[in-house]
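Q: Take this structure, written in structure tokens, and hold onto it; I'll ask about it next.
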Protein chains: 2
Amino acid sequence: MVNEENNQTIPVVARELIAEIREFIALKAFHALARLLEDFHPADVAGLLEYLDEEERHLLLGLLDDESLGETMLHLPEEQRGEFLEELGPTRIAEIVEELDPDDATDVISELPPDIAESVLGRLQTVNRETTDEIRELLRYGEETAGGRMTTDYVAVEQDSSVAEAIEVIREAVSKNDIDVYVLYVVDSEEHLVGFVRLQDLVLFPSSAVVEEFMVGDVVAVTADQDQELVAQLMQRYDLIHVPVVDDENRLLGVVTFDDIAEIIEEEASEDILYLAGVTNDEESPTTPPLLSMRRRLPWLVMNLGTAFIASMVVAQFEGTIGKVTALAALMPIVAGMGGNAAVQSIVVMVRSIALGDLGSRGRSKAIVKEVTVGLLNGLVIGLLAGGIVWAMWGSFQLGTLIATAMLANLLIAGLVGTTIPLVLRKLKFDPALSSGPIATTFTDVCGFLTFLGLATLTLSWLLK
Amino acid sequence: MVNEENNQTIPVVARELIAEIREFIALKAFHALARLLEDFHPADVAGLLEYLDEEERHLLLGLLDDESLGETMLHLPEEQRGEFLEELGPTRIAEIVEELDPDDATDVISELPPDIAESVLGRLQTVNRETTDEIRELLRYGEETAGGRMTTDYVAVEQDSSVAEAIEVIREAVSKNDIDVYVLYVVDSEEHLVGFVRLQDLVLFPSSAVVEEFMVGDVVAVTADQDQELVAQLMQRYDLIHVPVVDDENRLLGVVTFDDIAEIIEEEASEDILYLAGVTNDEESPTTPPLLSMRRRLPWLVMNLGTAFIASMVVAQFEGTIGKVTALAALMPIVAGMGGNAAVQSIVVMVRSIALGDLGSRGRSKAIVKEVTVGLLNGLVIGLLAGGIVWAMWGSFQLGTLIATAMLANLLIAGLVGTTIPLVLRKLKFDPALSSGPIATTFTDVCGFLTFLGLATLTLSWLLK
């Protein structure tokens with residue numbers, strides 16, 4: 001949502017800028033263009049590239065220095081970044097990657113084909129041994145773990161350091177890497193994490209004070225192999241700006257910072273959306289190879305096929321009735337389908353409130369009563385509307401009454417199954433987002449066909465009047 | 001997702017703790033219990049309350065001091081917070097609210113019924129005029145605006161201040177409100193925002209340096225009435241830890257901090273999920289009054305009813321064929337439904353990658369080709385499977401061949417419409433999450449019925465063999 005709206009608002013601003021850039025290019029005023037780009041944030045340069053053609057894009061990227069180029073690349077969609085890197089050789093990639101933070105460099109390298117990644121690391125090693133070792137270290141962790149998310153650009157001091165010594169350490173780190181420091185970690189002589197100091201305390205305490213005396217000792221940390229979701233949970237739950245990452249012996253390895261949490265939360269929310277639709281792999285994207293996509297989506301479709309056959313068995317029981325009143329065949333999918341739509345509305349409200357932790361234990365039965373009430377109300381309105389349309393178009397009051405009754409019954413059932421199924425799945429320790437949809441629509445299909453065709457069979461002589 | 005997993009992991013840890021708490025209660029060791037709770041983060045106390053009964057909950061809350069009570073309340077689900085506050089009078093609420101940050105206090109007060117809110121503010125005014133004025137000010141802004149999100153607990157200095165003076169200002173602010181300071185804002189003599197200083201620079205520059213000389217002058221700010229979504233976009237795009245909020249004349253009013261972004265992103269992602277399911281109001285929750293929920297969901301259901309009738313018109317054209325082969329009535333919903341399922345899979349992959357900004361302009365046609373290929377592959381497998389089942393169960397090779405062919409065609413169409421509809425909606429400046437679903441399933445219903453029943457009509461004599 002966030003970036004989507006973004007894409008819509010940029011063009012208005014970007015249009016003039018793009019015209020300006022094209023003018024510079026036409027005039028071959030490359031030096032002036034380079035100066036213009038210097039004032040831009042890399043995220044904005046990346047945004048502009050979207051609206052330029054192949055040739056202009058290359059020209060513009062050629063004008064950036066290695067650091068801006070690297071940062072701009074980070075803000076490109078993954079697919080474009082891949083294409084762009086493909087064209088550069090390993091030597092150029094190594095030069096650009098060297099200018100990035102170690103965690104960003106690692107992300108870029110992990111996206112490269114293995115042979116190219118290795119040859120980039122080989123070149124990098126000859127110019128910057130230390131960074132290469134850090135990257136190799138970070139590459140060992142899974143992409144969605146704390147280790148995969150952390151940066152090694154943090155500042156730590158030993159516990160017996162004075163404020164003055166701590167400030168010197170910060171000065172060195174800032175002058176070396178130009179990083180933003182919000183927190184100073186405190187370790188013992190064997191690198192074990194023992195606490196952290198907020199920068200404001202360094203300002204407020206005298207320069208002779210020892211950090212151990214005023215540090216925060218009660219520090220929330222995770223191990224490198226823990227899931228990124230846990231890191232996001234901790235940050236959200238305790239409003240943390242940082243979560244340090246340690247090894248099994250509590251030695252400080254790196255830190256996950258506040259800017260990662262947005263990305264993690266967005267990934268997890270996407271997972272919910274994909275799961276609800278039966279795409280059970282959160283890596284799925286428009287660039288996934290078709291065969292892989294097929295394999296991932298097929299199990300879900302096969303499951304749906306099974307439930308669809310269950311519903312069709314119900315219809316098959318009433319083939320005799322349908323043979324006599326063929327209009328029933330045209331109308332029955334309406335009853336079944338509307339039940340499914342209403343059930344999915346109830347499901348997303350439940351799944352969302354479970355995900356946000358808004359639904360307390362006492363809220364559950366209330367939620368069921370509420371959704372069934374909504375089902376009753378919507379069932380009345382939609383039932384009357386559908387009945388009226390059928391009466392008007394098929395010219396049969398009886399058929400109208402039939403569909404109205406079946407619709408009311410099915411929307412009531414939709415409210416009930418749409419609330420209870422996510423709750424039952426959660427109780428059984430399944431992700432409620434994962435299978436609520438097809439289970440609920442099987443119910444509403446079966447119930448829709450059963451009430452509609454069942455009532456039709458019972459009232460057949462009246463229907464045929 | 002995040003909190004949902006949380007709810008699942010807590011009980012294991014909490015079980016022992018709850019047993020321990022109950023033991024304290026049984027022994028009436030309230031003093032010891034209060035000491036135990038002091039060591040807990042308010043978020044954890046709120047989590048524990050979930051698992052206690054009414055009486056225990058009251059007892060526990062009674063043991064907390066006003067500040068812990070306020071913070072704990074903030075971490076309760078909204079519904080429980082409401083119930084809990086209802087039981088306290090305005091005087092107690094005022095005492096608790098006074099201990100909160102102004103933005104949190106405002107959130108709590110804005111959730112109260114208007115008459116109670118006014119009487120809480122009345123009591124608060126008699127003890128803390130300044131905070132009351134701040135809260136009244138914040139209450140003026142919409143809940144989802146920058147003004148509604150910002151806190152007024154920030155630290156600012158005038159541009160000609162020295163480092164030593166700035167440190168004094170921080171010292172006062174910290175001793176008064178015990179806040180975390182990450183950034184120091186710089187204003188001119190009329191409170192206009194002119195820049196900010198990172199705390200690390202205060203540490204690194206000599207105490208006689210003037211902040212104006214080393215401040216960051218290029219500051220991203222928003223006005224109080226701008227949407228929270230914009231704030232989240234800016235924070236994500238530029239990796240900001242804070243976004244200052246100014247009035248129309250660039251005077252500093254407050255600041256939105258990093259801990260708000262997680263909440264904003266989660267709200268926006270929920271919006272996408274709800275929109276995809278046709279719940280077009282992001283405030284919808286299990287506690288929304290049924291009549292309001294009905295009014296919000298009805299338009300979508302009416303729209304779906306309209307599209308369902310379109311599909312049923314198609315079926316009605318083939319009533320003659322259905323009258324002759326009634327098994328078609330039982331099987332046609334399978335073809336239509338599977339197309340809808342496959343289309344929704346394509347839609348969520350597209351909507352998600354649009355939302356995350358992953359889909360560049362060049363990726364669009366590639367995405368369409370890819371999804372159609374997936375449709376072809378899944379269509380082959382699902383078609384053969386469905387055909388085999390029908391052959392085996394209905395004993396008709398012809399009927400099996402018919403459903404296999406129609407299924408293949410419909411899954412191909414699903415891949416095509418599932419990708420193009422979100423792209424077209426975005427092009428037309430609609431939210432692709434909002435109506436992709438019903439538009440696509442109308443297509444797949446119509447195409448499913450049309451191919452299945454159309455082919456049946458064309459091959460009727462063969463089918464009846």
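Here, A, B, ... name the chains of the structure tokens in the order displayed, residue numbers run from 1 inside each chain, and ligands are numbered from 1 in the same displayed order.
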Would you please give, as a CSV table (one decimal) with N, CA and C atoms, in the first residue's frame, all residues of segment 142-329 of chain A that DSSP assigns to strand (DSSP E or B) based on the backbone?
A:
```csv
chain,number,residue,atom,x,y,z
A,145,THR,N,16.7,-14.4,9.1
A,145,THR,CA,17.1,-14.6,10.5
A,145,THR,C,17.7,-13.3,11.0
A,151,THR,N,23.5,-5.6,11.0
A,151,THR,CA,24.7,-5.0,10.5
A,151,THR,C,25.8,-5.1,11.5
A,156,ALA,N,31.0,-0.5,20.1
A,156,ALA,CA,31.0,-1.1,21.5
A,156,ALA,C,32.2,-0.7,22.2
A,157,VAL,N,32.1,-0.6,23.5
A,157,VAL,CA,33.2,-0.3,24.4
A,157,VAL,C,33.3,-1.3,25.5
A,158,GLU,N,34.4,-1.4,26.2
A,158,GLU,CA,34.5,-2.3,27.3
A,158,GLU,C,33.9,-1.6,28.6
A,162,SER,N,35.9,5.0,30.3
A,162,SER,CA,35.3,6.2,30.8
A,162,SER,C,34.5,6.8,29.7
A,183,VAL,N,23.2,4.2,19.9
A,183,VAL,CA,23.4,3.4,21.1
A,183,VAL,C,24.8,2.9,21.1
A,184,LEU,N,25.4,2.9,22.3
A,184,LEU,CA,26.8,2.4,22.5
A,184,LEU,C,26.7,1.1,23.3
A,185,TYR,N,27.2,0.0,22.7
A,185,TYR,CA,27.1,-1.3,23.4
A,185,TYR,C,28.3,-1.4,24.4
A,186,VAL,N,28.0,-2.1,25.5
A,186,VAL,CA,29.0,-2.3,26.5
A,186,VAL,C,29.3,-3.8,26.6
A,187,VAL,N,30.6,-4.2,26.4
A,187,VAL,CA,31.0,-5.6,26.5
A,187,VAL,C,32.1,-5.8,27.6
A,192,HIS,N,31.6,-10.4,25.6
A,192,HIS,CA,30.2,-10.7,26.0
A,192,HIS,C,29.5,-9.4,26.2
A,193,LEU,N,28.2,-9.4,25.7
A,193,LEU,CA,27.4,-8.2,25.8
A,193,LEU,C,26.9,-8.1,27.3
A,194,VAL,N,27.2,-6.9,27.9
A,194,VAL,CA,26.7,-6.7,29.3
A,194,VAL,C,25.7,-5.6,29.4
A,195,GLY,N,25.6,-4.8,28.4
A,195,GLY,CA,24.6,-3.7,28.5
A,195,GLY,C,24.8,-2.7,27.4
A,196,PHE,N,24.1,-1.6,27.5
A,196,PHE,CA,24.2,-0.5,26.5
A,196,PHE,C,24.1,0.9,27.1
A,197,VAL,N,24.6,1.9,26.4
A,197,VAL,CA,24.5,3.2,26.9
A,197,VAL,C,23.8,4.1,25.9
A,198,ARG,N,22.7,4.8,26.3
A,198,ARG,CA,22.1,5.7,25.4
A,198,ARG,C,23.0,6.9,25.2
A,210,VAL,N,32.6,6.1,34.6
A,210,VAL,CA,32.8,4.8,33.9
A,210,VAL,C,31.4,4.3,33.4
A,216,VAL,N,22.6,0.7,30.8
A,216,VAL,CA,21.4,-0.1,31.0
A,216,VAL,C,21.9,-1.6,30.9
A,222,VAL,N,19.0,-11.1,20.8
A,222,VAL,CA,18.6,-12.3,20.2
A,222,VAL,C,19.9,-13.0,19.7
A,223,THR,N,19.7,-14.4,19.4
A,223,THR,CA,20.9,-15.0,18.8
A,223,THR,C,20.7,-15.0,17.2
A,227,ASP,N,14.5,-16.1,14.2
A,227,ASP,CA,13.7,-15.6,13.1
A,227,ASP,C,13.6,-14.1,13.2
A,242,HIS,N,16.8,-0.7,18.6
A,242,HIS,CA,17.8,-1.6,18.2
A,242,HIS,C,17.7,-2.9,18.9
A,243,VAL,N,18.1,-4.0,18.3
A,243,VAL,CA,18.2,-5.3,19.0
A,243,VAL,C,19.5,-5.9,18.7
A,244,PRO,N,20.4,-6.0,19.8
A,244,PRO,CA,21.7,-6.6,19.5
A,244,PRO,C,21.6,-8.1,19.2
A,245,VAL,N,22.5,-8.6,18.4
A,245,VAL,CA,22.5,-10.0,18.0
A,245,VAL,C,23.8,-10.6,18.6
A,246,VAL,N,23.6,-11.7,19.3
A,246,VAL,CA,24.7,-12.4,20.0
A,246,VAL,C,24.9,-13.8,19.6
A,251,ARG,N,28.3,-13.4,23.0
A,251,ARG,CA,29.2,-12.5,22.5
A,251,ARG,C,28.5,-11.7,21.4
A,252,LEU,N,28.8,-10.4,21.4
A,252,LEU,CA,28.1,-9.5,20.5
A,252,LEU,C,28.6,-9.7,19.0
A,253,LEU,N,27.6,-9.9,18.1
A,253,LEU,CA,27.9,-10.2,16.7
A,253,LEU,C,27.5,-9.0,15.8
A,254,GLY,N,26.4,-8.3,16.1
A,254,GLY,CA,25.9,-7.3,15.3
A,254,GLY,C,24.7,-6.7,15.9
A,255,VAL,N,23.9,-5.9,15.1
A,255,VAL,CA,22.7,-5.3,15.6
A,255,VAL,C,21.7,-5.1,14.5
A,256,VAL,N,20.5,-5.4,14.8
A,256,VAL,CA,19.4,-5.1,13.9
A,256,VAL,C,18.8,-3.7,14.3
A,257,THR,N,18.7,-2.8,13.3
A,257,THR,CA,18.3,-1.4,13.7
A,257,THR,C,16.8,-1.1,13.3
```
Q: Within 12 Å of segment 399-405 of chain B, counting only C-alpha atoms, which residues show up once you throw out same-chain ones fewer than 6 positions away? Write them as a PyMOL selection string, please.
A: chain B and resi 325-328+330-336+338+376+378-393+411-412+448-465
Q: I need the residue nearest chain A from this list: B:Leu74, B:Leu377, B:Ala224, B:Leu428. Use only C-alpha atoms for the distance.
A: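 Once distances to chain A are computed over only C-alpha atoms, the minimum belongs to B:Leu377.
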Q: Between B:Thr420, B:Ser175, B:Thr373, B:Ser110, which one has atoms that come closest to Ser293 of chain A, using only C-alpha atoms?
A: B:Thr373
